[in-house]
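Listing of input-v6.csv, CSV, C-alpha atoms and all ligand atoms
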```
chain,number,residue,atom,x,y,z
S,16,MET,CA,0.0,0.0,0.0
S,17,ILE,CA,1.4,3.4,-1.0
S,18,LYS,CA,1.5,5.8,1.9
S,19,ALA,CA,4.1,8.4,0.8
S,20,CYS,CA,5.7,9.9,-2.3
S,21,LEU,CA,9.2,11.3,-2.0
S,22,PHE,CA,10.4,13.7,-4.7
S,23,ASP,CA,13.8,14.8,-5.9
S,24,LEU,CA,13.7,18.5,-6.7
S,25,ASP,CA,16.1,19.4,-9.6
S,26,GLY,CA,14.8,17.7,-12.8
S,27,VAL,CA,11.6,16.4,-11.2
S,28,ILE,CA,9.8,19.4,-9.8
S,29,VAL,CA,11.7,22.2,-11.5
S,30,ASP,CA,14.2,22.5,-14.3
S,31,THR,CA,17.2,24.0,-12.6
S,32,ALA,CA,19.9,22.0,-14.6
S,33,LYS,CA,20.2,24.9,-17.1
S,34,TYR,CA,21.1,27.3,-14.3
S,35,HIS,CA,23.6,25.0,-12.7
S,36,TYR,CA,25.1,24.6,-16.1
S,37,ILE,CA,25.4,28.3,-16.8
S,38,ALA,CA,27.0,28.9,-13.4
S,39,TRP,CA,29.5,26.0,-13.6
S,40,ARG,CA,30.4,27.0,-17.2
S,41,GLU,CA,31.3,30.4,-16.0
S,42,ILE,CA,33.7,28.9,-13.4
S,43,ALA,CA,35.3,26.7,-16.1
S,44,LYS,CA,35.7,29.7,-18.3
S,45,GLU,CA,37.5,31.6,-15.5
S,46,LEU,CA,39.8,28.5,-15.1
S,47,GLY,CA,40.4,28.5,-18.9
S,48,PHE,CA,38.5,25.5,-20.3
S,49,ASP,CA,35.2,24.6,-22.0
S,50,PHE,CA,32.5,22.9,-20.0
S,51,THR,CA,29.9,21.4,-22.4
S,52,GLU,CA,26.3,20.4,-21.8
S,53,GLN,CA,27.4,16.8,-22.2
S,54,HIS,CA,29.8,17.3,-19.3
S,55,ASN,CA,27.0,18.9,-17.3
S,56,GLU,CA,24.9,15.6,-17.5
S,57,ARG,CA,27.4,14.1,-15.1
S,58,LEU,CA,26.5,16.7,-12.4
S,59,LYS,CA,22.8,15.7,-12.2
S,60,GLY,CA,22.0,14.6,-8.7
S,61,VAL,CA,25.6,15.2,-7.6
S,62,SER,CA,26.3,17.4,-4.6
S,63,ARG,CA,27.9,20.9,-5.0
S,64,MET,CA,31.4,19.9,-4.0
S,65,ALA,CA,31.3,16.6,-5.9
S,66,SER,CA,30.1,18.6,-8.9
S,67,LEU,CA,33.2,20.9,-8.6
S,68,ASP,CA,35.5,17.8,-8.4
S,69,ILE,CA,34.0,16.5,-11.7
S,70,LEU,CA,34.4,20.0,-13.3
S,71,LEU,CA,38.0,20.1,-12.2
S,72,GLU,CA,38.6,16.6,-13.5
S,73,VAL,CA,37.2,17.7,-16.9
S,74,GLY,CA,39.6,20.7,-16.9
S,75,GLY,CA,42.5,18.5,-15.7
S,76,ILE,CA,43.0,20.9,-12.8
S,77,GLN,CA,43.9,20.2,-9.2
S,78,LEU,CA,43.3,22.7,-6.4
S,79,PRO,CA,43.7,22.9,-2.6
S,80,GLN,CA,40.5,22.5,-0.5
S,81,HIS,CA,40.3,26.2,0.4
S,82,GLU,CA,40.4,27.3,-3.2
S,83,LYS,CA,37.7,24.7,-4.1
S,84,GLU,CA,35.5,26.2,-1.4
S,85,ILE,CA,35.9,29.7,-2.8
S,86,LEU,CA,35.0,28.4,-6.3
S,87,ALA,CA,32.0,26.5,-5.0
S,88,HIS,CA,30.8,29.6,-3.2
S,89,ARG,CA,31.2,31.8,-6.2
S,90,LYS,CA,29.3,29.3,-8.4
S,91,ASN,CA,26.5,29.3,-5.9
S,92,GLU,CA,26.3,33.1,-5.8
S,93,HIS,CA,25.9,33.0,-9.6
S,94,TYR,CA,23.4,30.2,-9.4
S,95,LEU,CA,21.4,32.1,-6.8
S,96,THR,CA,21.0,35.1,-9.1
S,97,PHE,CA,19.0,32.9,-11.5
S,98,ILE,CA,17.1,31.0,-8.7
S,99,LEU,CA,15.9,34.2,-7.1
S,100,ASN,CA,14.3,35.3,-10.4
S,101,MET,CA,12.5,32.0,-11.1
S,102,GLN,CA,8.8,32.2,-11.8
S,103,PRO,CA,6.1,29.7,-11.0
S,104,ASP,CA,5.8,28.9,-14.7
S,105,GLU,CA,9.2,27.2,-14.4
S,106,ILE,CA,7.6,24.4,-12.3
S,107,LEU,CA,7.8,21.3,-14.5
S,108,PRO,CA,4.5,20.3,-16.2
S,109,GLY,CA,2.2,18.3,-13.9
S,110,ALA,CA,4.3,18.6,-10.8
S,111,LYS,CA,2.0,21.0,-8.8
S,112,ASN,CA,-1.1,19.2,-9.9
S,113,PHE,CA,0.3,15.8,-8.9
S,114,LEU,CA,1.3,17.0,-5.5
S,115,GLU,CA,-2.1,18.4,-4.9
S,116,THR,CA,-3.8,15.2,-6.1
S,117,LEU,CA,-1.6,13.2,-3.6
S,118,HIS,CA,-2.8,15.5,-0.8
S,119,GLN,CA,-6.4,15.0,-1.8
S,120,GLN,CA,-5.9,11.2,-1.7
S,121,GLY,CA,-4.3,11.4,1.8
S,122,ILE,CA,-0.9,10.3,0.5
S,123,ALA,CA,2.0,12.0,2.4
S,124,THR,CA,4.7,13.9,0.4
S,125,ALA,CA,8.3,14.6,1.1
S,126,LEU,CA,11.2,16.3,-0.7
S,127,GLY,CA,14.5,14.5,-0.8
S,128,SER,CA,17.0,16.7,-2.5
S,129,ALA,CA,20.8,17.0,-2.5
S,130,SER,CA,20.5,20.8,-3.0
S,131,LYS,CA,21.3,23.2,-0.2
S,132,ASN,CA,19.1,25.8,-2.1
S,133,ALA,CA,15.9,23.6,-1.9
S,134,MET,CA,14.0,25.9,0.5
S,135,THR,CA,14.9,29.0,-1.5
S,136,ILE,CA,13.5,27.4,-4.7
S,137,LEU,CA,10.4,26.0,-3.1
S,138,ASP,CA,9.6,29.3,-1.4
S,139,ARG,CA,10.2,31.2,-4.6
S,140,LEU,CA,7.8,28.9,-6.5
S,141,GLN,CA,5.3,28.8,-3.7
S,142,LEU,CA,5.5,25.0,-3.4
S,143,THR,CA,6.7,24.7,0.2
S,144,SER,CA,3.2,24.0,1.7
S,145,LEU,CA,2.7,21.0,-0.7
S,146,PHE,CA,5.4,19.0,1.1
S,147,ASP,CA,4.8,17.4,4.6
S,148,VAL,CA,8.5,17.0,5.1
S,149,ILE,CA,11.5,18.6,3.5
S,150,ILE,CA,15.0,16.9,3.6
S,151,ASP,CA,17.7,18.7,1.6
S,152,GLY,CA,21.5,19.0,1.3
S,153,ASN,CA,21.7,20.8,4.7
S,154,GLN,CA,20.4,17.8,6.6
S,155,THR,CA,22.3,15.0,4.9
S,156,ALA,CA,25.9,13.9,5.2
S,157,LYS,CA,25.9,11.2,2.5
S,158,ALA,CA,25.1,11.9,-1.1
S,159,LYS,CA,22.9,9.8,-3.4
S,160,PRO,CA,23.3,6.9,-4.2
S,161,ASP,CA,23.4,6.6,-0.5
S,162,PRO,CA,19.8,6.2,0.7
S,163,GLU,CA,20.2,8.6,3.6
S,164,VAL,CA,18.0,11.5,2.2
S,165,PHE,CA,15.1,9.2,1.5
S,166,LEU,CA,15.3,7.2,4.7
S,167,LYS,CA,15.3,10.5,6.7
S,168,GLY,CA,12.2,11.5,4.7
S,169,ALA,CA,10.4,8.3,5.5
S,170,ASP,CA,11.5,8.5,9.1
S,171,ALA,CA,10.3,12.1,9.5
S,172,LEU,CA,6.9,11.0,8.0
S,173,ASN,CA,6.9,8.0,10.3
S,174,ILE,CA,6.2,5.7,7.3
S,175,ASN,CA,7.9,2.4,6.6
S,176,PRO,CA,10.2,2.7,3.4
S,177,LYS,CA,8.3,-0.2,1.9
S,178,HIS,CA,5.2,2.0,1.6
S,179,CYS,CA,7.2,4.8,-0.1
S,180,ILE,CA,7.7,5.7,-3.8
S,181,VAL,CA,10.5,7.9,-4.9
S,182,PHE,CA,10.4,10.1,-8.0
S,183,GLU,CA,13.9,10.7,-9.5
S,184,ASP,CA,15.6,11.9,-12.7
S,185,ALA,CA,19.2,10.9,-11.9
S,186,GLU,CA,20.6,7.4,-11.9
S,187,ALA,CA,22.3,8.0,-8.5
S,188,GLY,CA,18.9,9.0,-7.2
S,189,VAL,CA,17.2,5.8,-8.5
S,190,GLU,CA,19.9,3.7,-6.8
S,191,ALA,CA,19.4,5.7,-3.6
S,192,ALA,CA,15.7,4.9,-3.7
S,193,LEU,CA,16.3,1.2,-4.3
S,194,ALA,CA,18.9,1.1,-1.5
S,195,ALA,CA,16.3,2.6,0.8
S,196,GLY,CA,14.0,-0.3,0.0
S,197,MET,CA,11.5,1.9,-1.8
S,198,LYS,CA,9.8,1.7,-5.2
S,199,CYS,CA,11.1,4.2,-7.7
S,200,VAL,CA,9.6,6.1,-10.7
S,201,GLY,CA,12.2,7.5,-13.0
S,202,ILE,CA,11.5,10.8,-14.7
S,203,GLY,CA,13.2,11.0,-18.0
S,204,SER,CA,14.7,8.4,-20.3
S,205,PRO,CA,14.2,4.6,-19.8
S,206,GLU,CA,17.7,3.9,-21.1
S,207,ILE,CA,19.4,6.0,-18.3
S,208,LEU,CA,16.9,5.1,-15.6
S,209,SER,CA,16.6,1.4,-16.4
S,210,LYS,CA,16.7,0.4,-12.7
S,211,ALA,CA,13.5,2.2,-11.9
S,212,HIS,CA,10.3,0.3,-11.5
S,213,LEU,CA,8.5,2.6,-14.0
S,214,VAL,CA,9.8,5.4,-16.1
S,215,VAL,CA,7.7,8.4,-17.3
S,216,SER,CA,8.7,11.5,-19.2
S,217,GLY,CA,7.3,13.8,-16.5
S,218,LEU,CA,4.9,14.1,-13.6
S,219,ASP,CA,2.2,15.2,-16.1
S,220,LYS,CA,2.1,11.5,-17.0
S,221,MET,CA,1.6,10.3,-13.5
S,222,THR,CA,-1.8,9.2,-12.2
S,223,ILE,CA,-3.1,7.6,-8.9
S,224,ASP,CA,-3.9,4.6,-11.1
S,225,LEU,CA,-0.3,4.2,-12.2
S,226,LEU,CA,0.8,4.6,-8.6
S,227,SER,CA,-1.4,1.9,-7.3
S,228,LYS,CA,0.0,-0.5,-9.9
S,229,LEU,CA,3.4,-0.1,-8.3
S,230,GLN,CA,2.4,-1.7,-5.0
S,301,LIG,C1,21.0,18.4,-7.1
S,301,LIG,C2,21.3,18.7,-8.5
S,301,LIG,O1,19.6,18.3,-6.9
S,301,LIG,O2,21.6,19.4,-6.2
S,301,LIG,C3,22.8,18.9,-8.7
S,301,LIG,O3,20.8,17.7,-9.4
S,301,LIG,C4,23.4,19.9,-7.7
S,301,LIG,O4,23.1,19.2,-10.0
S,301,LIG,C5,23.0,19.5,-6.3
S,301,LIG,O5,24.8,20.0,-7.8
S,301,LIG,C6,23.5,20.4,-5.2
S,301,LIG,O6,22.8,21.7,-5.4
S,301,LIG,P1,23.1,23.0,-4.6
S,301,LIG,O7,21.9,23.8,-4.9
S,301,LIG,O8,23.3,22.6,-3.1
S,301,LIG,O9,24.4,23.5,-5.2
S,302,MG,MG,17.5,15.5,-9.9
```
Represent the structure contained in this file as structure tokens.
Amino acid sequence: MIKACLFDLDGVIVDTAKYHYIAWREIAKELGFDFTEQHNERLKGVSRMASLDILLEVGGIQLPQHEKEILAHRKNEHYLTFILNMQPDEILPGAKNFLETLHQQGIATALGSASKNAMTILDRLQLTSLFDVIIDGNQTAKAKPDPEVFLKGADALNINPKHCIVFEDAEAGVEAALAAGMKCVGIGSPEILSKAHLVVSGLDKMTIDLLSKLQ
């Protein structure tokens, strides 16, 4: 029986990948190399510092920790200039409607995101009240594919993981959901998200009927 749905944020509720990309590309440019959209695919679902490590690996650059922290901070300042100007029409199709439907059906909802900017984004888009529980990058020590973020979400909701369904667009996120003992719906391409129990192109394709078939 499905009692809770847990949602990743970036790529599931809102399309922030383009803003992460612009901000990281700027850092790469400062460091003197190109960072392509293809490289950016590797950053999806990955924490801020781990993203920087991937970027530096692409550029073949090694830096001491304190310089990495300065760069990560600068990237975030740039990213925030986009986030703070986001509009509710940047919510991905079907996301708000599906969250509202879950509430009407008495199914609990949680956010499970690696982002330390999750609250800023949810507040900006007026989505905060649609989540019963919010677990983000400020409350987790272990990044996906570790199940920590989803287990904390289920625990805060007081619901057994076996009654939870996770919605994820990143491979590491699908693995985290499975490691938590939860069912997973992949949002995006079936080739990349082959480990998910079901893959749909977006939350606009999700229905309560599809959910119940996952039990
Ligand atoms: C994830 C994104 O949700 O959050 C990653 O998919 C991002 O691309 C990560 O790096 C951390 O985000 P933030 O907002 O804490 O820099
Ligand atoms: Mg994501």
_Polymer residues at most 9 Å from Ala43 in chain S, only C-alpha atoms, same-chain spacing of 6 or more positions, as a PyMOL selection string_ = chain S and resi 49-50+70-71+74
_CA of Ser216 in chain S to CA of Gln119 in chain S, distance in Å rounded to a single decimal_ =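 Pair CA of Ser216 in chain S / CA of Gln119 in chain S returns 23.3 Å.
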_Could you list the protein, DNA and RNA residues that have any atom within 8 Å of ligand MG 302 (chain S), counting all atoms listed in the file, and write them as a PyMOL selection string?_
chain S and resi 23-27+59-60+128+183-185+188
For ligand LIG 301 (chain S), collect every residue having any atom at a distance of at most 10 Å from a ligand atom (counting all atoms listed in the file); output as a PDB file with C-alpha atoms, in the frame of the given file.
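Written output follows (selection.pdb):
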```pdb
ATOM      1  CA  ASP S  23      13.800  14.800  -5.900  1.00  0.00           C
ATOM      2  CA  LEU S  24      13.700  18.500  -6.700  1.00  0.00           C
ATOM      3  CA  ASP S  25      16.100  19.400  -9.600  1.00  0.00           C
ATOM      4  CA  GLY S  26      14.800  17.700 -12.800  1.00  0.00           C
ATOM      5  CA  VAL S  27      11.600  16.400 -11.200  1.00  0.00           C
ATOM      6  CA  VAL S  29      11.700  22.200 -11.500  1.00  0.00           C
ATOM      7  CA  ASP S  30      14.200  22.500 -14.300  1.00  0.00           C
ATOM      8  CA  THR S  31      17.200  24.000 -12.600  1.00  0.00           C
ATOM      9  CA  ALA S  32      19.900  22.000 -14.600  1.00  0.00           C
ATOM     10  CA  LYS S  33      20.200  24.900 -17.100  1.00  0.00           C
ATOM     11  CA  TYR S  34      21.100  27.300 -14.300  1.00  0.00           C
ATOM     12  CA  HIS S  35      23.600  25.000 -12.700  1.00  0.00           C
ATOM     13  CA  TYR S  36      25.100  24.600 -16.100  1.00  0.00           C
ATOM     14  CA  TRP S  39      29.500  26.000 -13.600  1.00  0.00           C
ATOM     15  CA  ASN S  55      27.000  18.900 -17.300  1.00  0.00           C
ATOM     16  CA  GLU S  56      24.900  15.600 -17.500  1.00  0.00           C
ATOM     17  CA  ARG S  57      27.400  14.100 -15.100  1.00  0.00           C
ATOM     18  CA  LEU S  58      26.500  16.700 -12.400  1.00  0.00           C
ATOM     19  CA  LYS S  59      22.800  15.700 -12.200  1.00  0.00           C
ATOM     20  CA  GLY S  60      22.000  14.600  -8.700  1.00  0.00           C
ATOM     21  CA  VAL S  61      25.600  15.200  -7.600  1.00  0.00           C
ATOM     22  CA  SER S  62      26.300  17.400  -4.600  1.00  0.00           C
ATOM     23  CA  ARG S  63      27.900  20.900  -5.000  1.00  0.00           C
ATOM     24  CA  MET S  64      31.400  19.900  -4.000  1.00  0.00           C
ATOM     25  CA  ALA S  65      31.300  16.600  -5.900  1.00  0.00           C
ATOM     26  CA  SER S  66      30.100  18.600  -8.900  1.00  0.00           C
ATOM     27  CA  LEU S  67      33.200  20.900  -8.600  1.00  0.00           C
ATOM     28  CA  ALA S  87      32.000  26.500  -5.000  1.00  0.00           C
ATOM     29  CA  HIS S  88      30.800  29.600  -3.200  1.00  0.00           C
ATOM     30  CA  LYS S  90      29.300  29.300  -8.400  1.00  0.00           C
ATOM     31  CA  ASN S  91      26.500  29.300  -5.900  1.00  0.00           C
ATOM     32  CA  GLU S  92      26.300  33.100  -5.800  1.00  0.00           C
ATOM     33  CA  TYR S  94      23.400  30.200  -9.400  1.00  0.00           C
ATOM     34  CA  LEU S  95      21.400  32.100  -6.800  1.00  0.00           C
ATOM     35  CA  ILE S  98      17.100  31.000  -8.700  1.00  0.00           C
ATOM     36  CA  GLY S 127      14.500  14.500  -0.800  1.00  0.00           C
ATOM     37  CA  SER S 128      17.000  16.700  -2.500  1.00  0.00           C
ATOM     38  CA  ALA S 129      20.800  17.000  -2.500  1.00  0.00           C
ATOM     39  CA  SER S 130      20.500  20.800  -3.000  1.00  0.00           C
ATOM     40  CA  LYS S 131      21.300  23.200  -0.200  1.00  0.00           C
ATOM     41  CA  ASN S 132      19.100  25.800  -2.100  1.00  0.00           C
ATOM     42  CA  ALA S 133      15.900  23.600  -1.900  1.00  0.00           C
ATOM     43  CA  MET S 134      14.000  25.900   0.500  1.00  0.00           C
ATOM     44  CA  THR S 135      14.900  29.000  -1.500  1.00  0.00           C
ATOM     45  CA  ILE S 136      13.500  27.400  -4.700  1.00  0.00           C
ATOM     46  CA  ASP S 151      17.700  18.700   1.600  1.00  0.00           C
ATOM     47  CA  GLY S 152      21.500  19.000   1.300  1.00  0.00           C
ATOM     48  CA  ASN S 153      21.700  20.800   4.700  1.00  0.00           C
ATOM     49  CA  ALA S 158      25.100  11.900  -1.100  1.00  0.00           C
ATOM     50  CA  LYS S 159      22.900   9.800  -3.400  1.00  0.00           C
ATOM     51  CA  GLU S 183      13.900  10.700  -9.500  1.00  0.00           C
ATOM     52  CA  ASP S 184      15.600  11.900 -12.700  1.00  0.00           C
ATOM     53  CA  ALA S 185      19.200  10.900 -11.900  1.00  0.00           C
ATOM     54  CA  ALA S 187      22.300   8.000  -8.500  1.00  0.00           C
ATOM     55  CA  GLY S 188      18.900   9.000  -7.200  1.00  0.00           C
TER      56      GLY S 188
END
```
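For the pair CA of Ala110 in chain S and CA of Val148 in chain S, the interatomic distance is 16.5 Å.
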